[in-house]
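> Below is the file entry_11.cif, which contains mmCIF, C-alpha atoms.
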```cif
data_coords
loop_
_atom_site.group_PDB
_atom_site.id
_atom_site.type_symbol
_atom_site.label_atom_id
_atom_site.label_comp_id
_atom_site.auth_asym_id
_atom_site.auth_seq_id
_atom_site.Cartn_x
_atom_site.Cartn_y
_atom_site.Cartn_z
ATOM 1 C CA MET A 204 68.159 2.446 78.631
ATOM 2 C CA SER A 205 71.059 3.240 76.347
ATOM 3 C CA ILE A 206 74.088 5.504 76.641
ATOM 4 C CA ARG A 207 75.636 7.539 73.853
ATOM 5 C CA ILE A 208 77.781 10.650 73.359
ATOM 6 C CA ALA A 209 75.904 13.944 73.025
ATOM 7 C CA ASP A 210 75.986 15.969 69.843
ATOM 8 C CA PRO A 211 76.610 19.751 70.101
ATOM 9 C CA ALA A 212 73.108 20.361 68.716
ATOM 10 C CA GLU A 213 71.779 18.768 71.919
ATOM 11 C CA ALA A 214 73.440 21.356 74.193
ATOM 12 C CA PRO A 215 70.144 23.134 75.070
ATOM 13 C CA ALA A 216 68.483 19.857 76.122
ATOM 14 C CA VAL A 217 71.551 18.796 78.118
ATOM 15 C CA ALA A 218 71.672 22.188 79.865
ATOM 16 C CA ALA A 219 67.965 21.970 80.704
ATOM 17 C CA LEU A 220 68.432 18.507 82.241
ATOM 18 C CA ILE A 221 71.442 19.651 84.294
ATOM 19 C CA THR A 222 69.585 22.726 85.533
ATOM 20 C CA SER A 223 66.577 20.639 86.524
ATOM 21 C CA ALA A 224 68.681 18.047 88.340
ATOM 22 C CA TYR A 225 70.732 20.689 90.164
ATOM 23 C CA ARG A 226 67.724 22.620 91.550
ATOM 24 C CA VAL A 227 68.542 20.746 94.753
ATOM 25 C CA GLU A 228 71.462 23.204 95.132
ATOM 26 C CA ASP A 229 69.242 26.302 95.149
ATOM 27 C CA PHE A 230 69.699 26.487 98.934
ATOM 28 C CA PHE A 231 73.299 27.660 98.541
ATOM 29 C CA VAL A 232 73.885 28.888 94.973
ATOM 30 C CA ASP A 233 72.093 31.440 92.794
ATOM 31 C CA GLY A 234 71.088 30.836 89.188
ATOM 32 C CA ASP A 235 70.996 27.947 86.783
ATOM 33 C CA ARG A 236 73.750 25.344 86.980
ATOM 34 C CA ALA A 237 74.324 25.341 83.207
ATOM 35 C CA ASN A 238 73.217 26.871 79.946
ATOM 36 C CA ALA A 239 73.717 25.738 76.358
ATOM 37 C CA GLN A 240 76.923 27.772 75.980
ATOM 38 C CA ASP A 241 78.387 26.195 79.145
ATOM 39 C CA VAL A 242 77.664 22.757 77.695
ATOM 40 C CA LEU A 243 79.221 23.674 74.346
ATOM 41 C CA ASN A 244 82.309 25.067 76.097
ATOM 42 C CA ARG A 245 82.751 21.818 78.013
ATOM 43 C CA MET A 246 82.352 19.851 74.773
ATOM 44 C CA THR A 247 85.595 21.440 73.537
ATOM 45 C CA LYS A 248 87.501 19.626 76.344
ATOM 46 C CA GLY A 249 85.386 16.543 76.976
ATOM 47 C CA GLU A 250 82.090 14.848 76.215
ATOM 48 C CA PHE A 251 78.649 14.415 77.689
ATOM 49 C CA LEU A 252 77.340 10.876 77.935
ATOM 50 C CA LEU A 253 73.563 10.747 77.589
ATOM 51 C CA LEU A 254 71.291 8.131 79.121
ATOM 52 C CA GLU A 255 68.133 7.646 77.078
ATOM 53 C CA ASP A 256 65.093 5.476 77.588
ATOM 54 C CA ALA A 257 63.641 3.239 74.872
ATOM 55 C CA GLY A 258 61.692 6.199 73.470
ATOM 56 C CA ARG A 259 64.931 8.244 73.223
ATOM 57 C CA ALA A 260 63.824 10.563 76.039
ATOM 58 C CA LEU A 261 66.761 12.009 77.950
ATOM 59 C CA ALA A 262 66.889 10.437 81.423
ATOM 60 C CA GLY A 263 70.356 11.545 82.528
ATOM 61 C CA CYS A 264 73.797 12.763 81.557
ATOM 62 C CA VAL A 265 77.338 13.046 82.853
ATOM 63 C CA TYR A 266 80.303 15.112 81.670
ATOM 64 C CA VAL A 267 83.575 13.204 81.157
ATOM 65 C CA GLU A 268 87.045 14.510 80.426
ATOM 66 C CA ILE A 269 90.330 12.714 79.834
ATOM 67 C CA ARG A 270 93.260 14.339 81.635
ATOM 68 C CA GLY A 271 96.224 12.174 80.716
ATOM 69 C CA THR A 272 95.928 8.983 82.744
ATOM 70 C CA GLN A 273 93.243 10.508 84.947
ATOM 71 C CA GLY A 274 89.610 10.683 83.994
ATOM 72 C CA TYR A 275 87.253 13.280 85.412
ATOM 73 C CA PHE A 276 83.506 13.305 85.581
ATOM 74 C CA GLY A 277 81.097 15.956 86.729
ATOM 75 C CA LEU A 278 77.627 17.373 86.294
ATOM 76 C CA LEU A 279 76.118 13.965 86.971
ATOM 77 C CA SER A 280 72.440 14.649 86.304
ATOM 78 C CA VAL A 281 69.355 12.463 86.405
ATOM 79 C CA ASP A 282 65.885 13.698 85.528
ATOM 80 C CA PRO A 283 64.331 14.375 88.966
ATOM 81 C CA ALA A 284 61.290 12.241 88.072
ATOM 82 C CA ARG A 285 63.640 9.260 87.502
ATOM 83 C CA GLN A 286 65.953 9.615 90.487
ATOM 84 C CA ARG A 287 66.504 6.869 93.065
ATOM 85 C CA ARG A 288 66.387 4.129 90.413
ATOM 86 C CA GLY A 289 70.115 3.475 90.014
ATOM 87 C CA LEU A 290 70.507 5.662 86.934
ATOM 88 C CA GLY A 291 73.181 7.845 88.544
ATOM 89 C CA ALA A 292 75.285 4.789 89.357
ATOM 90 C CA GLN A 293 74.758 3.557 85.794
ATOM 91 C CA LEU A 294 76.062 6.870 84.443
ATOM 92 C CA VAL A 295 79.074 6.789 86.778
ATOM 93 C CA ALA A 296 79.901 3.277 85.548
ATOM 94 C CA ALA A 297 79.623 4.486 81.942
ATOM 95 C CA ALA A 298 81.925 7.441 82.680
ATOM 96 C CA GLU A 299 84.459 5.108 84.295
ATOM 97 C CA GLU A 300 84.351 2.710 81.345
ATOM 98 C CA HIS A 301 84.691 5.585 78.871
ATOM 99 C CA CYS A 302 87.830 6.778 80.671
ATOM 100 C CA ARG A 303 89.189 3.257 81.173
ATOM 101 C CA ARG A 304 88.980 2.680 77.399
ATOM 102 C CA ALA A 305 90.935 5.923 76.897
ATOM 103 C CA GLY A 306 93.739 4.537 79.080
ATOM 104 C CA CYS A 307 92.907 6.220 82.377
ATOM 105 C CA SER A 308 93.914 4.473 85.583
ATOM 106 C CA GLU A 309 92.085 6.814 87.977
ATOM 107 C CA MET A 310 88.863 8.834 88.132
ATOM 108 C CA GLU A 311 88.341 12.121 89.901
ATOM 109 C CA ILE A 312 85.225 14.000 90.921
ATOM 110 C CA GLU A 313 84.558 17.192 92.865
ATOM 111 C CA VAL A 314 81.617 17.268 95.279
ATOM 112 C CA VAL A 315 80.360 20.450 96.956
ATOM 113 C CA ASN A 316 80.765 20.030 100.715
ATOM 114 C CA LEU A 317 77.239 21.350 101.380
ATOM 115 C CA ARG A 318 75.737 18.369 99.513
ATOM 116 C CA GLU A 319 76.206 16.125 102.532
ATOM 117 C CA GLU A 320 74.424 13.160 100.910
ATOM 118 C CA LEU A 321 76.909 12.860 98.038
ATOM 119 C CA PRO A 322 80.154 11.585 99.637
ATOM 120 C CA SER A 323 78.431 8.460 100.955
ATOM 121 C CA PHE A 324 76.895 7.800 97.503
ATOM 122 C CA TYR A 325 80.324 7.992 95.868
ATOM 123 C CA ARG A 326 81.988 5.978 98.655
ATOM 124 C CA ARG A 327 79.550 3.153 97.887
ATOM 125 C CA LEU A 328 80.824 3.310 94.290
ATOM 126 C CA GLY A 329 84.454 2.981 95.440
ATOM 127 C CA TYR A 330 85.519 6.637 95.702
ATOM 128 C CA SER A 331 87.463 8.127 98.602
ATOM 129 C CA GLU A 332 88.250 11.660 99.685
ATOM 130 C CA ARG A 333 91.592 13.022 98.590
ATOM 131 C CA GLY A 334 91.419 16.692 99.577
ATOM 132 C CA THR A 335 89.598 19.952 98.902
ATOM 133 C CA ARG A 336 89.533 22.703 96.269
ATOM 134 C CA GLN A 337 88.097 26.164 96.062
ATOM 135 C CA PHE A 338 84.509 26.429 94.802
ATOM 136 C CA ARG A 339 84.843 27.969 91.333
ATOM 137 C CA ASP A 340 81.476 29.772 91.330
ATOM 138 C CA ALA A 341 82.108 31.530 94.652
ATOM 139 C CA GLY A 342 80.432 34.714 93.352
ATOM 140 C CA ARG A 343 77.141 32.809 93.027
ATOM 141 C CA ALA A 344 77.376 31.049 96.385
ATOM 142 C CA ARG A 345 75.103 32.305 99.165
ATOM 143 C CA ARG A 346 76.970 30.250 101.745
ATOM 144 C CA PRO A 347 80.660 29.477 102.211
ATOM 145 C CA CYS A 348 81.489 26.220 100.460
ATOM 146 C CA HIS A 349 84.280 24.246 98.821
ATOM 147 C CA PHE A 350 84.779 21.125 96.756
ATOM 148 C CA VAL A 351 85.683 17.778 98.268
ATOM 149 C CA VAL A 352 87.906 15.948 95.782
ATOM 150 C CA MET A 353 87.207 12.218 95.524
ATOM 151 C CA THR A 354 89.112 9.648 93.466
ATOM 152 C CA LYS A 355 88.877 6.010 92.489
ATOM 153 C CA ARG A 356 91.478 3.713 90.992
ATOM 154 C CA LEU A 357 90.319 2.118 87.756
ATOM 155 C CA SER A 358 91.432 -1.461 87.403
ATOM 156 C CA ARG A 359 91.624 -3.124 84.009
ATOM 157 C CA SER A 360 89.591 -6.083 85.258
ATOM 158 C CA GLU A 361 86.473 -3.927 85.757
ATOM 159 C CA SER A 362 86.163 -3.400 82.014
ATOM 160 C CA ASN A 363 85.663 -7.139 81.603
ATOM 161 C CA ALA A 364 83.006 -7.360 84.309
#
```
Step by step, read the file and then write its structure as structure tokens.

Amino acid sequence: MSIRIADPAEAPAVAALITSAYRVEDFFVDGDRANAQDVLNRMTKGEFLLLEDAGRALAGCVYVEIRGTQGYFGLLSVDPARQRRGLGAQLVAAAEEHCRRAGCSEMEIEVVNLREELPSFYRRLGYSERGTRQFRDAGRARRPCHFVVMTKRLSRSESNA
């Protein structure tokens, strides 16, 4: 597996992967999680890291954005056929390293409170809850929900590990 930065021409493939991976949220939100234009819009502020297998097939992606000394990642997506193999954790580590190299000392992520399995996954990776935020796509939500904000301090020593 290798990780690289997505090219804007790959926006449709990235959007398709995100939509496929986020079908698990169909129980509380209507519609696709992303489309090519959403991906392109995010590319104006940040980047998508792509995880590819040896045949260059897209296995996963994550959106990363530098916000001063704080990095942000979101839309962590792994091809459903490849989930539960550690690829999500590999993408999180790549996002952290990307932001660490850009001078960030902290990472932030937003997790929808209805995805009860996610906080424990991120806690195992060193993240802790910091607070909550309003769910931005409230018009698409079929159930009341909000974001749980989680953060992790990035130490310089991790980049040498």
> Give me, please, the distance in Å between CA of Ile208 in chain A and CA of Phe251 in chain A, quoted to one decimal.
5.8 Å
> Do you know which residues the PyMOL selection byres ((chain A and resi 210) around 9) returns on this file, as a PyMOL selection string?
chain A and resi 208-209+211-214+246+250-251
> I need the residue nearest Ser308 in chain A from this list: A:Arg285, A:Arg359, A:Arg236, A:Arg333. Use all atoms listed in the file for the distance.
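Answer, going by the shortest atom-to-atom distance: A:Arg359.
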> Could you write out as a ChimeraX atom specification the residues that the PyMOL selection byres ((chain A and resi 282) around 10) matches in the shown file?
/A:219-225,261-264,280-281,283-286,290-291
> Store the residues picked out above in a file with C-alpha atoms, as a compact mmCIF listing (two decimals), keeping the file's coordinate frame.

```txt
# COMPACT_ATOMS: atom_id res chain seq x y z
CA ALA A 219 67.96 21.97 80.70
CA LEU A 220 68.43 18.51 82.24
CA ILE A 221 71.44 19.65 84.29
CA THR A 222 69.58 22.73 85.53
CA SER A 223 66.58 20.64 86.52
CA ALA A 224 68.68 18.05 88.34
CA TYR A 225 70.73 20.69 90.16
CA LEU A 261 66.76 12.01 77.95
CA ALA A 262 66.89 10.44 81.42
CA GLY A 263 70.36 11.54 82.53
CA CYS A 264 73.80 12.76 81.56
CA SER A 280 72.44 14.65 86.30
CA VAL A 281 69.36 12.46 86.40
CA PRO A 283 64.33 14.38 88.97
CA ALA A 284 61.29 12.24 88.07
CA ARG A 285 63.64 9.26 87.50
CA GLN A 286 65.95 9.62 90.49
CA LEU A 290 70.51 5.66 86.93
CA GLY A 291 73.18 7.84 88.54
```
> Residues within 9 Å of Val314 in chain A, please, as a ChimeraX atom specification. Count only C-alpha atoms; anything in the same chain fewer than 2 positions from it doesn't count.
/A:277,312,316-318,321-322,349-353
> At what distance in Å, to one decimal, does CA of Lys355 in chain A lie from CA of Val232 in chain A?
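Interatomic distance here is 27.5 Å.
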> Between A:Met204, A:Ile269, A:Ala292, A:Val227, which has the minimum distance to Glu309 in chain A (counting all atoms listed in the file)?
A:Ile269
> Please provide as a count of residues only all residues within 7 Å of Met310 in chain A, with the sequence filter that same-chain residues fewer than 6 positions apart are discarded (counting all atoms listed in the file).
8
> CA of Val267 in chain A to CA of Leu294 in chain A: how many Å, to one decimal?
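Separating CA of Val267 in chain A from CA of Leu294 in chain A is a distance of 10.4 Å.
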> In terms of the shortest atom-to-atom distance over only C-alpha atoms, which of A:Arg288, A:Val295, A:Pro215, A:Arg270 is closest to Arg327 in chain A?
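Closest to Arg327 in chain A, using only C-alpha atoms: A:Val295.
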> Pick from A:Thr247, A:Gln240, A:Ser205, A:Thr272: nearest to Ala305 in chain A, with only C-alpha atoms counted?
A:Thr272
> Between A:Ala239, A:Tyr325, A:Glu268, A:Arg346, which has the minimum distance to His301 in chain A (counting only C-alpha atoms)?
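Using only C-alpha atoms, His301 in chain A sits closest to A:Glu268.
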